[in-house]
file entry25.cif (mmCIF, C-alpha atoms)
data_my_file
#
loop_
_atom_site.group_PDB
_atom_site.id
_atom_site.type_symbol
_atom_site.label_atom_id
_atom_site.label_comp_id
_atom_site.auth_asym_id
_atom_site.auth_seq_id
_atom_site.Cartn_x
_atom_site.Cartn_y
_atom_site.Cartn_z
ATOM 1 C CA MET A 142 145.844 16.103 173.616
ATOM 2 C CA LEU A 143 147.097 15.558 170.079
ATOM 3 C CA GLN A 144 145.236 13.124 167.893
ATOM 4 C CA LYS A 145 147.298 10.059 166.978
ATOM 5 C CA ILE A 146 148.242 9.295 163.383
ATOM 6 C CA ASN A 147 146.836 5.775 163.760
ATOM 7 C CA ASP A 148 143.440 7.263 164.648
ATOM 8 C CA LEU A 149 143.517 9.442 161.529
ATOM 9 C CA ASP A 150 144.565 6.515 159.339
ATOM 10 C CA GLU A 151 141.805 4.367 160.808
ATOM 11 C CA TRP A 152 139.300 7.163 160.112
ATOM 12 C CA ASN A 153 140.550 7.419 156.510
ATOM 13 C CA ASP A 154 140.256 3.678 155.951
ATOM 14 C CA THR A 155 137.115 4.300 153.884
ATOM 15 C CA GLU A 156 136.647 6.573 150.936
ATOM 16 C CA ASP A 157 135.065 9.917 151.914
ATOM 17 C CA PRO A 158 134.885 9.317 155.702
ATOM 18 C CA TRP A 159 133.709 12.902 156.321
ATOM 19 C CA GLY A 160 130.848 12.537 153.847
ATOM 20 C CA TYR A 161 132.003 15.500 151.742
ATOM 21 C CA ASN A 162 131.085 14.071 148.344
ATOM 22 C CA ASN A 163 127.362 13.739 149.079
ATOM 23 C CA ASN A 164 126.855 16.769 151.326
ATOM 24 C CA SER A 165 125.473 19.956 149.779
ATOM 25 C CA GLN A 166 127.071 22.099 152.527
ATOM 26 C CA ASP A 167 130.483 20.695 151.648
ATOM 27 C CA HIS A 168 129.944 21.401 147.965
ATOM 28 C CA LEU A 169 128.903 24.943 148.867
ATOM 29 C CA ARG A 170 131.980 25.499 151.058
ATOM 30 C CA LYS A 171 134.177 24.291 148.202
ATOM 31 C CA ILE A 172 132.489 26.717 145.797
ATOM 32 C CA ILE A 173 132.939 29.554 148.313
ATOM 33 C CA LEU A 174 136.629 28.756 148.814
ATOM 34 C CA LEU A 175 137.388 28.419 145.098
ATOM 35 C CA ASP A 176 135.500 31.638 144.355
ATOM 36 C CA GLN A 177 137.551 33.549 146.950
ATOM 37 C CA ILE A 178 140.955 32.592 145.526
ATOM 38 C CA PRO A 179 142.398 35.780 144.001
ATOM 39 C CA LYS A 180 142.307 35.538 140.205
ATOM 40 C CA ARG A 181 145.856 35.272 138.903
ATOM 41 C CA GLU A 182 148.163 32.638 137.488
ATOM 42 C CA TYR A 183 149.623 30.284 140.072
ATOM 43 C CA GLU A 184 152.789 28.313 139.381
ATOM 44 C CA ASN A 185 152.975 26.155 142.535
ATOM 45 C CA VAL A 186 149.962 25.503 144.762
ATOM 46 C CA LEU A 187 149.952 23.536 148.023
ATOM 47 C CA ASP A 188 146.977 22.154 149.950
ATOM 48 C CA ILE A 189 148.059 21.311 153.522
ATOM 49 C CA GLY A 190 145.773 18.767 155.158
ATOM 50 C CA CYS A 191 144.348 17.789 151.782
ATOM 51 C CA GLY A 192 142.743 14.587 153.040
ATOM 52 C CA GLN A 193 141.403 12.641 150.101
ATOM 53 C CA GLY A 194 141.600 15.619 147.743
ATOM 54 C CA PHE A 195 138.069 17.047 147.975
ATOM 55 C CA ILE A 196 139.341 20.637 147.595
ATOM 56 C CA THR A 197 142.747 19.897 146.064
ATOM 57 C CA ASN A 198 141.399 18.363 142.883
ATOM 58 C CA ASP A 199 139.776 21.665 141.852
ATOM 59 C CA LEU A 200 142.522 24.131 142.776
ATOM 60 C CA PRO A 201 143.899 26.444 140.071
ATOM 61 C CA GLY A 202 147.561 26.352 139.155
ATOM 62 C CA LYS A 203 150.212 24.778 136.983
ATOM 63 C CA ASN A 204 151.670 22.465 139.644
ATOM 64 C CA ILE A 205 149.301 21.295 142.389
ATOM 65 C CA TYR A 206 150.551 19.542 145.527
ATOM 66 C CA GLY A 207 148.569 17.983 148.360
ATOM 67 C CA VAL A 208 149.937 16.910 151.742
ATOM 68 C CA ASP A 209 148.185 14.973 154.476
ATOM 69 C CA ILE A 210 149.444 13.108 157.519
ATOM 70 C CA SER A 211 147.260 10.076 156.720
ATOM 71 C CA GLU A 212 148.767 7.580 154.274
ATOM 72 C CA LYS A 213 145.322 6.108 153.684
ATOM 73 C CA ALA A 214 143.835 9.498 152.796
ATOM 74 C CA ILE A 215 146.670 10.071 150.326
ATOM 75 C CA LYS A 216 146.067 6.636 148.809
ATOM 76 C CA TYR A 217 142.467 7.615 148.002
ATOM 77 C CA ALA A 218 143.532 11.070 146.799
ATOM 78 C CA ARG A 219 146.023 9.555 144.340
ATOM 79 C CA LYS A 220 143.395 7.143 143.083
ATOM 80 C CA ASN A 221 140.988 10.010 142.351
ATOM 81 C CA ASN A 222 143.387 12.434 140.650
ATOM 82 C CA LYS A 223 146.616 11.580 138.872
ATOM 83 C CA LYS A 224 147.422 15.226 138.005
ATOM 84 C CA VAL A 225 148.011 16.292 141.608
ATOM 85 C CA ASP A 226 151.304 15.432 143.324
ATOM 86 C CA TYR A 227 150.139 13.956 146.644
ATOM 87 C CA SER A 228 152.500 13.253 149.559
ATOM 88 C CA THR A 229 152.177 11.893 153.062
ATOM 89 C CA GLY A 230 153.600 14.201 155.705
ATOM 90 C CA SER A 231 152.981 16.426 158.671
ATOM 91 C CA ILE A 232 152.577 20.194 158.620
ATOM 92 C CA PHE A 233 155.579 20.192 160.970
ATOM 93 C CA GLU A 234 157.721 18.604 158.211
ATOM 94 C CA ILE A 235 156.435 20.821 155.403
ATOM 95 C CA GLU A 236 159.608 22.868 155.001
ATOM 96 C CA LYS A 237 161.714 19.728 154.483
ATOM 97 C CA MET A 238 159.279 18.143 152.034
ATOM 98 C CA PHE A 239 159.653 20.682 149.240
ATOM 99 C CA GLU A 240 162.569 22.454 147.565
ATOM 100 C CA ILE A 241 160.226 24.982 145.966
ATOM 101 C CA LYS A 242 158.197 27.888 147.300
ATOM 102 C CA PHE A 243 154.482 28.245 146.710
ATOM 103 C CA ASP A 244 152.503 31.191 145.414
ATOM 104 C CA LEU A 245 149.261 29.768 146.844
ATOM 105 C CA VAL A 246 148.909 27.758 150.059
ATOM 106 C CA ILE A 247 145.565 26.443 151.310
ATOM 107 C CA ILE A 248 145.109 25.135 154.860
ATOM 108 C CA THR A 249 141.679 23.707 155.631
ATOM 109 C CA GLY A 250 140.670 22.089 158.911
ATOM 110 C CA VAL A 251 144.215 21.575 160.203
ATOM 111 C CA LEU A 252 144.948 24.353 162.687
ATOM 112 C CA TYR A 253 143.033 22.882 165.614
ATOM 113 C CA PRO A 254 144.535 22.002 169.017
ATOM 114 C CA GLN A 255 144.010 18.259 168.484
ATOM 115 C CA TYR A 256 146.295 18.431 165.419
ATOM 116 C CA ILE A 257 148.873 21.128 166.225
ATOM 117 C CA GLY A 258 148.670 21.506 170.003
ATOM 118 C CA LYS A 259 149.903 24.960 171.006
ATOM 119 C CA SER A 260 152.258 25.275 168.036
ATOM 120 C CA SER A 261 150.644 28.207 166.212
ATOM 121 C CA SER A 262 153.846 30.284 166.257
ATOM 122 C CA LEU A 263 155.849 27.393 164.803
ATOM 123 C CA ILE A 264 153.223 26.895 162.086
ATOM 124 C CA TYR A 265 153.554 30.579 161.115
ATOM 125 C CA LEU A 266 157.331 30.197 160.758
ATOM 126 C CA LEU A 267 156.977 27.035 158.668
ATOM 127 C CA ILE A 268 154.399 28.606 156.350
ATOM 128 C CA ASP A 269 156.570 31.695 155.993
ATOM 129 C CA LYS A 270 159.452 29.538 154.735
ATOM 130 C CA ILE A 271 157.394 27.900 151.972
ATOM 131 C CA LEU A 272 155.205 30.834 150.870
ATOM 132 C CA LYS A 273 156.678 33.112 148.187
ATOM 133 C CA GLN A 274 156.835 36.848 148.703
ATOM 134 C CA ASP A 275 153.475 38.217 147.474
ATOM 135 C CA GLY A 276 152.087 34.680 147.808
ATOM 136 C CA ILE A 277 148.521 34.002 148.909
ATOM 137 C CA LEU A 278 147.594 32.002 152.011
ATOM 138 C CA ILE A 279 144.024 30.826 152.526
ATOM 139 C CA SER A 280 142.994 29.414 155.887
ATOM 140 C CA VAL A 281 139.544 27.849 156.332
ATOM 141 C CA HIS A 282 138.511 26.534 159.732
ATOM 142 C CA ILE A 283 135.554 26.048 162.033
ATOM 143 C CA ASN A 284 135.473 29.364 163.866
ATOM 144 C CA GLU A 285 134.487 27.858 167.222
ATOM 145 C CA TRP A 286 137.645 25.687 167.259
ATOM 146 C CA TYR A 287 140.127 28.080 165.651
ATOM 147 C CA SER A 288 142.136 30.883 167.227
ATOM 148 C CA SER A 289 145.099 31.407 164.886
ATOM 149 C CA GLN A 290 145.884 34.570 162.937
ATOM 150 C CA PHE A 291 148.702 34.801 160.407
ATOM 151 C CA PRO A 292 151.131 37.750 160.459
ATOM 152 C CA TYR A 293 150.359 38.769 156.875
ATOM 153 C CA PHE A 294 148.127 41.376 155.277
ATOM 154 C CA LYS A 295 144.553 40.090 155.468
ATOM 155 C CA ILE A 296 142.892 40.613 152.085
ATOM 156 C CA ASN A 297 139.503 39.262 153.066
ATOM 157 C CA GLN A 298 137.646 37.328 155.731
ATOM 158 C CA LEU A 299 134.313 35.547 155.394
ATOM 159 C CA TYR A 300 132.114 33.802 157.909
ATOM 160 C CA TYR A 301 129.452 31.393 156.689
ATOM 161 C CA ASN A 302 127.351 28.553 158.061
ATOM 162 C CA TYR A 303 128.856 25.111 157.744
ATOM 163 C CA ARG A 304 126.969 22.123 159.116
ATOM 164 C CA GLU A 305 126.224 23.098 162.744
ATOM 165 C CA PHE A 306 129.204 25.476 162.904
ATOM 166 C CA THR A 307 130.472 28.734 161.453
ATOM 167 C CA HIS A 308 133.338 28.585 158.972
ATOM 168 C CA ASN A 309 136.012 31.268 159.042
ATOM 169 C CA LEU A 310 137.728 31.769 155.669
ATOM 170 C CA GLU A 311 140.742 34.109 155.756
ATOM 171 C CA ILE A 312 142.782 35.245 152.766
ATOM 172 C CA TYR A 313 146.249 36.652 153.373
ATOM 173 C CA SER A 314 148.965 38.119 151.171
ATOM 174 C CA LYS A 315 152.592 37.800 152.221
#
call {"tool": "encode", "arguments": {"input": "entry25.cif", "output": "structure tokens"}}
result
Amino acid sequence: MLQKINDLDEWNDTEDPWGYNNNSQDHLRKIILLDQIPKREYENVLDIGCGQGFITNDLPGKNIYGVDISEKAIKYARKNNKKVDYSTGSIFEIEKMFEIKFDLVIITGVLYPQYIGKSSSLIYLLIDKILKQDGILISVHINEWYSSQFPYFKINQLYYNYREFTHNLEIYSK
């Protein structure tokens, strides 16, 4: 069953509902993710499922964009960082939201059945339309809840402990 937008907005009614800002494991996972981003210059960077901007605010690149389905999460994200272009929207609308392509796309904690149902193949097509040729895609998810694989060349894959779970960080090149 898909989680309702109202439930997500209600959850995001407070700043930092996941407790990321004061959790050492969340700071470590952010350091790991940022360290794994291939070192190069990025023109356009997109964080899908950016929430309140915990990861987004530290991403490299000239033009940084964050998208989340929760209007309330985006409200907090905008308050905390004026340099990032934050938008409210669904991963299913991503192709229509932007007229540009991205050379780096980050997806963290989005590709779970409660958010995308059984739409993995559709997600691949949508990402393919917004990711530049030779672009980098980074997917970070709780391994126990995640079963997707992208049809790109996998540059690297890391597993590490995260809270009571195992995180799966995958880096792809289109």
call {"tool": "atom_distance", "arguments": {"input": "entry25.cif", "atom1": "atom CA of A:Ile241", "atom2": "atom CA of A:Arg181"}}
result
19.0 Å
call {"tool": "residues_around", "arguments": {"input": "entry25.cif", "residues": "A:Arg219", "least_positions_apart": "5", "cutoff": "12 Å", "atoms": "only C-alpha atoms", "output": "ChimeraX atom specification"}}
result
/A:156,191-195,197-198,206-209,212-214,224-229
call {"tool": "atom_distance", "arguments": {"input": "entry25.cif", "atom1": "atom CA of A:Ser231", "atom2": "atom CA of A:Ser165"}}
result
29.1 Å
call {"tool": "residues_around", "arguments": {"input": "entry25.cif", "residues": "A:Leu245", "least_positions_apart": "5", "cutoff": "6 Å", "atoms": "all atoms listed in the file", "output": "NGL selection string"}}
result
:A and (186 or 276-278)
call {"tool": "atom_distance", "arguments": {"input": "entry25.cif", "atom1": "atom CA of A:Asp244", "atom2": "atom CA of A:Ser314"}}
result
9.7 Å
call {"tool": "closest_residue", "arguments": {"input": "entry25.cif", "among": "A:Asn222, A:Ser211, A:Thr249, A:Gln274", "to": "A:Phe294", "atoms": "all atoms listed in the file"}}
result
A:Gln274
call {"tool": "closest_residue", "arguments": {"input": "entry25.cif", "among": "A:Ile271, A:Ile196, A:Ile296, A:Ile210", "to": "A:Ile257", "atoms": "only C-alpha atoms"}}
result
A:Ile210
call {"tool": "axis_aligned_box", "arguments": {"input": "entry25.cif", "around": "stretch 200-203 of chain A", "padding_each_side": "5 Å", "output": "JSON"}}
result
{"center_x": 146.4, "center_y": 25.3, "center_z": 139.9, "size_x": 17.7, "size_y": 12.3, "size_z": 15.8}
call {"tool": "closest_residue", "arguments": {"input": "entry25.cif", "among": "A:Ile235, A:Ile172, A:Asn185, A:Trp286", "to": "A:Tyr256", "atoms": "only C-alpha atoms"}}
result
A:Trp286
call {"tool": "residues_around", "arguments": {"input": "entry25.cif", "residues": "A:Gln298", "least_positions_apart": "2", "cutoff": "9 Å", "atoms": "all atoms listed in the file", "output": "ChimeraX atom specification"}}
result
/A:295-296,300,309-313
call {"tool": "resolve_selection", "arguments": {"input": "entry25.cif", "expression": "the PyMOL selection byres ((chain A and resi 177) around 9)", "output": "JSON, numbers by chain"}}
result
{"A": [172, 173, 174, 175, 176, 178, 179, 180, 279, 297, 310, 312]}
call {"tool": "closest_residue", "arguments": {"input": "entry25.cif", "among": "A:Asp275, A:Lys270, A:Ser261, A:Asn164", "to": "A:Gln290", "atoms": "only C-alpha atoms"}}
result
A:Ser261
